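Visitor: Provided herewith: work_23.pdb, PDB, C-alpha atoms, pLDDT in the B column.
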ATOM      1  CA  MET A 858     -28.751  10.895  25.657  1.00 58.00           C
ATOM      2  CA  GLY A 859     -25.285  11.220  24.229  1.00 65.00           C
ATOM      3  CA  THR A 860     -22.692  13.562  25.562  1.00 78.00           C
ATOM      4  CA  GLN A 861     -21.971  16.760  23.704  1.00 85.00           C
ATOM      5  CA  SER A 862     -18.384  17.492  22.776  1.00 83.00           C
ATOM      6  CA  THR A 863     -17.096  21.019  22.779  1.00 87.00           C
ATOM      7  CA  PRO A 864     -14.074  22.492  21.020  1.00 84.00           C
ATOM      8  CA  VAL A 865     -12.208  22.495  24.338  1.00 87.00           C
ATOM      9  CA  ASP A 866     -12.356  18.681  24.346  1.00 87.00           C
ATOM     10  CA  PHE A 867     -10.148  18.604  21.253  1.00 90.00           C
ATOM     11  CA  LEU A 868      -7.328  20.675  22.766  1.00 92.00           C
ATOM     12  CA  PRO A 869      -5.247  17.647  23.885  1.00 92.00           C
ATOM     13  CA  ILE A 870      -5.398  16.201  20.356  1.00 93.00           C
ATOM     14  CA  ILE A 871      -4.457  19.521  18.773  1.00 95.00           C
ATOM     15  CA  PHE A 872      -1.630  19.919  21.302  1.00 96.00           C
ATOM     16  CA  GLN A 873      -0.305  16.440  20.478  1.00 97.00           C
ATOM     17  CA  VAL A 874      -0.381  17.132  16.732  1.00 96.00           C
ATOM     18  CA  VAL A 875       1.421  20.467  17.195  1.00 97.00           C
ATOM     19  CA  VAL A 876       4.095  18.861  19.391  1.00 98.00           C
ATOM     20  CA  ALA A 877       4.595  16.002  16.901  1.00 97.00           C
ATOM     21  CA  LEU A 878       4.887  18.345  13.914  1.00 98.00           C
ATOM     22  CA  GLY A 879       7.172  20.657  15.884  1.00 98.00           C
ATOM     23  CA  PHE A 880       9.421  17.724  16.755  1.00 98.00           C
ATOM     24  CA  VAL A 881       9.646  16.692  13.110  1.00 97.00           C
ATOM     25  CA  VAL A 882      10.434  20.216  11.904  1.00 97.00           C
ATOM     26  CA  VAL A 883      13.013  20.869  14.643  1.00 97.00           C
ATOM     27  CA  THR A 884      14.696  17.509  14.050  1.00 97.00           C
ATOM     28  CA  LEU A 885      14.923  18.051  10.282  1.00 95.00           C
ATOM     29  CA  ILE A 886      16.336  21.562  10.672  1.00 96.00           C
ATOM     30  CA  ALA A 887      18.792  20.482  13.391  1.00 96.00           C
ATOM     31  CA  THR A 888      20.173  17.563  11.376  1.00 93.00           C
ATOM     32  CA  HIS A 889      20.540  19.792   8.336  1.00 91.00           C
ATOM     33  CA  LEU A 890      22.379  22.522  10.245  1.00 93.00           C
ATOM     34  CA  LEU A 891      24.445  20.367  12.608  1.00 92.00           C
ATOM     35  CA  GLY A 892      25.233  17.367  10.386  1.00 87.00           C
ATOM     36  CA  PRO A 893      28.456  16.958   8.412  1.00 84.00           C
ATOM     37  CA  LYS A 894      28.555  18.302   4.880  1.00 83.00           C
ATOM     38  CA  ARG A 895      31.093  16.114   3.111  1.00 84.00           C
ATOM     39  CA  LYS A 896      30.041  15.588  -0.478  1.00 84.00           C
ATOM     40  CA  THR A 897      32.024  12.954  -2.341  1.00 85.00           C
ATOM     41  CA  THR A 898      31.508  11.320  -5.707  1.00 81.00           C
ATOM     42  CA  ASP A 899      30.537   8.085  -3.965  1.00 75.00           C
ATOM     43  CA  LYS A 900      27.801   9.803  -1.967  1.00 76.00           C
ATOM     44  CA  LEU A 901      26.441  11.669  -4.970  1.00 77.00           C
ATOM     45  CA  SER A 902      26.416   8.649  -7.301  1.00 74.00           C
ATOM     46  CA  THR A 903      23.360   6.479  -7.857  1.00 71.00           C
ATOM     47  CA  PHE A 904      23.215   3.385  -5.663  1.00 70.00           C
ATOM     48  CA  GLU A 905      21.130   0.299  -6.369  1.00 69.00           C
ATOM     49  CA  ALA A 906      21.605  -2.534  -3.869  1.00 71.00           C
ATOM     50  CA  GLY A 907      25.377  -2.642  -4.274  1.00 70.00           C
ATOM     51  CA  VAL A 908      25.235  -3.156  -8.037  1.00 72.00           C
ATOM     52  CA  LYS A 909      27.184  -0.808 -10.295  1.00 72.00           C
ATOM     53  CA  VAL A 910      24.975   1.381 -12.452  1.00 71.00           C
ATOM     54  CA  VAL A 911      24.972   0.336 -16.102  1.00 74.00           C
ATOM     55  CA  GLY A 912      23.295   2.377 -18.813  1.00 73.00           C
ATOM     56  CA  ASN A 913      20.607   5.004 -18.668  1.00 75.00           C
ATOM     57  CA  ALA A 914      17.835   4.828 -16.079  1.00 70.00           C
ATOM     58  CA  ARG A 915      15.353   6.240 -18.595  1.00 77.00           C
ATOM     59  CA  GLN A 916      15.346   3.198 -20.878  1.00 77.00           C
ATOM     60  CA  PRO A 917      11.985   1.449 -21.323  1.00 77.00           C
ATOM     61  CA  PHE A 918      11.390  -1.954 -19.759  1.00 71.00           C
ATOM     62  CA  SER A 919       8.572  -4.455 -19.545  1.00 72.00           C
ATOM     63  CA  ILE A 920       5.511  -3.405 -17.607  1.00 77.00           C
ATOM     64  CA  LYS A 921       4.708  -6.996 -16.579  1.00 77.00           C
ATOM     65  CA  TYR A 922       6.401  -6.497 -13.196  1.00 78.00           C
ATOM     66  CA  PHE A 923       4.037  -3.648 -12.366  1.00 81.00           C
ATOM     67  CA  LEU A 924       1.011  -5.564 -13.625  1.00 81.00           C
ATOM     68  CA  VAL A 925       1.822  -8.512 -11.377  1.00 80.00           C
ATOM     69  CA  ALA A 926       2.365  -6.179  -8.411  1.00 83.00           C
ATOM     70  CA  ILE A 927      -0.948  -4.381  -9.008  1.00 84.00           C
ATOM     71  CA  LEU A 928      -2.792  -7.686  -9.435  1.00 84.00           C
ATOM     72  CA  PHE A 929      -1.267  -8.988  -6.211  1.00 86.00           C
ATOM     73  CA  VAL A 930      -2.467  -5.932  -4.304  1.00 86.00           C
ATOM     74  CA  LEU A 931      -5.897  -6.140  -5.932  1.00 82.00           C
ATOM     75  CA  PHE A 932      -6.465  -9.803  -5.099  1.00 82.00           C
ATOM     76  CA  ASP A 933      -4.877  -9.381  -1.668  1.00 87.00           C
ATOM     77  CA  VAL A 934      -7.320  -6.608  -0.772  1.00 84.00           C
ATOM     78  CA  GLU A 935     -10.208  -8.713  -1.995  1.00 82.00           C
ATOM     79  CA  VAL A 936      -9.083 -11.585   0.236  1.00 82.00           C
ATOM     80  CA  ILE A 937      -8.926  -9.190   3.202  1.00 87.00           C
ATOM     81  CA  PHE A 938     -12.664  -8.575   2.753  1.00 83.00           C
ATOM     82  CA  MET A 939     -13.278 -12.261   3.453  1.00 85.00           C
ATOM     83  CA  TYR A 940     -12.022 -12.112   7.048  1.00 86.00           C
ATOM     84  CA  PRO A 941     -14.930 -10.057   8.469  1.00 86.00           C
ATOM     85  CA  TRP A 942     -17.318 -12.312   6.591  1.00 85.00           C
ATOM     86  CA  ALA A 943     -15.717 -15.429   8.090  1.00 86.00           C
ATOM     87  CA  VAL A 944     -15.891 -13.957  11.598  1.00 88.00           C
ATOM     88  CA  ASN A 945     -19.590 -13.081  11.221  1.00 88.00           C
ATOM     89  CA  PHE A 946     -20.514 -16.107   9.118  1.00 84.00           C
ATOM     90  CA  ARG A 947     -23.253 -17.435  11.400  1.00 87.00           C
ATOM     91  CA  ALA A 948     -24.727 -14.019  12.146  1.00 90.00           C
ATOM     92  CA  LEU A 949     -25.064 -13.171   8.445  1.00 88.00           C
ATOM     93  CA  GLY A 950     -27.085 -16.283   7.654  1.00 89.00           C
ATOM     94  CA  MET A 951     -28.097 -17.381   4.195  1.00 92.00           C
ATOM     95  CA  SER A 952     -28.048 -13.876   2.694  1.00 91.00           C
ATOM     96  CA  GLY A 953     -24.411 -13.469   3.793  1.00 89.00           C
ATOM     97  CA  LEU A 954     -23.548 -16.791   2.181  1.00 90.00           C
ATOM     98  CA  ILE A 955     -25.183 -15.794  -1.103  1.00 93.00           C
ATOM     99  CA  GLU A 956     -23.428 -12.411  -1.079  1.00 90.00           C
ATOM    100  CA  MET A 957     -20.076 -14.127  -0.507  1.00 89.00           C
ATOM    101  CA  PHE A 958     -20.745 -16.497  -3.404  1.00 91.00           C
ATOM    102  CA  ILE A 959     -21.420 -13.449  -5.605  1.00 93.00           C
ATOM    103  CA  PHE A 960     -18.209 -11.832  -4.337  1.00 89.00           C
ATOM    104  CA  MET A 961     -16.192 -15.004  -4.938  1.00 89.00           C
ATOM    105  CA  GLY A 962     -17.732 -15.362  -8.408  1.00 92.00           C
ATOM    106  CA  THR A 963     -16.686 -11.822  -9.274  1.00 89.00           C
ATOM    107  CA  LEU A 964     -13.203 -12.560  -7.944  1.00 86.00           C
ATOM    108  CA  LEU A 965     -13.058 -15.745 -10.017  1.00 89.00           C
ATOM    109  CA  LEU A 966     -14.207 -13.893 -13.160  1.00 91.00           C
ATOM    110  CA  GLY A 967     -11.459 -11.316 -12.629  1.00 86.00           C
ATOM    111  CA  PHE A 968      -8.872 -14.063 -12.206  1.00 86.00           C
ATOM    112  CA  ILE A 969     -10.085 -15.843 -15.356  1.00 90.00           C
ATOM    113  CA  TYR A 970      -9.862 -12.536 -17.245  1.00 89.00           C
ATOM    114  CA  VAL A 971      -6.272 -12.098 -16.036  1.00 85.00           C
ATOM    115  CA  LEU A 972      -5.389 -15.628 -17.148  1.00 87.00           C
ATOM    116  CA  LYS A 973      -7.038 -15.144 -20.566  1.00 91.00           C
ATOM    117  CA  LYS A 974      -5.087 -11.901 -21.126  1.00 86.00           C
ATOM    118  CA  LYS A 975      -1.905 -13.842 -20.180  1.00 84.00           C
ATOM    119  CA  VAL A 976      -0.804 -11.149 -17.767  1.00 79.00           C
ATOM    120  CA  LEU A 977       0.938 -13.679 -15.559  1.00 77.00           C
ATOM    121  CA  ASP A 978       2.949 -15.219 -18.434  1.00 79.00           C
ATOM    122  CA  TRP A 979       6.541 -13.964 -18.233  1.00 72.00           C
ATOM    123  CA  ASN A 980       7.719 -15.298 -21.608  1.00 69.00           C
TER     124      ASN A 980
END
Taking this structure as input, can you express it in the form of structure tokens?

Guide:
Amino acid sequence: MGTQSTPVDFLPIIFQVVVALGFVVVTLIATHLLGPKRKTTDKLSTFEAGVKVVGNARQPFSIKYFLVAILFVLFDVEVIFMYPWAVNFRALGMSGLIEMFIFMGTLLLGFIYVLKKKVLDWN
């Protein structure tokens, strides 16, 4: 038989969340009220890694950077799914091997699609 949990059992967790949120709120208010308020043109200007701002930030630019970043995250997450499979390889048996081949085939089809669409070509 499993143990029954009551609402009283969750009081330490609720207390910890309240203390953490209280600390965040108090710290934000204290730094806002107690911190220096010296506004200069240098502090209010846009800063980008030490490079002077040139032109308008609203100008359009190539979306290829974002496509590569999204594809990296997509394929990276798919590779992460292979680790539990590798750890439990023997326990999964032949059905696990077949399922991984299907998964890898789907991954390969996605990669071929990306190459055919020339998403990774920067020219």

Visitor: Is there a way to get, as a short mmCIF file (atom, residue, chain, number, x, y, z; two decimals) with C-alpha atoms, keeping the file's coordinate frame, all residues within 10 Å of the point (6.4, -12.2, -18.9) in file coordinates, counting all atoms listed in the file?

Guide:
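What follows is the written file point-v8.cif:
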data_model
loop_
_atom_site.label_atom_id
_atom_site.label_comp_id
_atom_site.auth_asym_id
_atom_site.auth_seq_id
_atom_site.Cartn_x
_atom_site.Cartn_y
_atom_site.Cartn_z
CA SER A 919 8.57 -4.46 -19.55
CA ILE A 920 5.51 -3.40 -17.61
CA LYS A 921 4.71 -7.00 -16.58
CA TYR A 922 6.40 -6.50 -13.20
CA VAL A 925 1.82 -8.51 -11.38
CA LYS A 975 -1.90 -13.84 -20.18
CA VAL A 976 -0.80 -11.15 -17.77
CA LEU A 977 0.94 -13.68 -15.56
CA ASP A 978 2.95 -15.22 -18.43
CA TRP A 979 6.54 -13.96 -18.23
CA ASN A 980 7.72 -15.30 -21.61
#

Visitor: Rounded to one decimal place, report the atom CA of Gln916 of chain A-atom CA of Ser902 of chain A distance in Å.

Guide: 18.3 Å

Visitor: Between A:Phe872, A:Gln861, A:Leu966, A:Lys974, which is the closest to Leu924 of chain A once you count only C-alpha atoms?

Guide: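 The shortest atom-to-atom distance to Leu924 of chain A comes from A:Lys974.
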
Visitor: Could you check how far atom CA of Ile955 of chain A sits from atom CA of Leu972 of chain A, in Å to one decimal?

Guide: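 Interatomic distance, atom CA of Ile955 of chain A to atom CA of Leu972 of chain A: 25.5 Å.
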
Visitor: Just checking: using all atoms listed in the file, which residue out of A:Phe867, A:Phe960, A:Tyr970, A:Phe880 ends up closest to Val936 of chain A?

Guide: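 Of the candidates, the smallest distance to Val936 of chain A is held by A:Phe960.
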
Visitor: Expressed in Å to a single decimal, how great is the separation between atom CA of Met957 of chain A and atom CA of Trp942 of chain A?

Guide: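 Computing the Euclidean distance for atom CA of Met957 of chain A and atom CA of Trp942 of chain A yields 7.8 Å.
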
Visitor: Residues at most 12 Å from Phe938 of chain A, counting only C-alpha atoms, excluding those fewer than 6 positions away in the same chain, as a list in words?

Guide: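 Using only C-alpha atoms, the neighbours found are Leu931, Phe932, Val944, Asn945, Met957, Phe960, Met961 and Leu964 of chain A.
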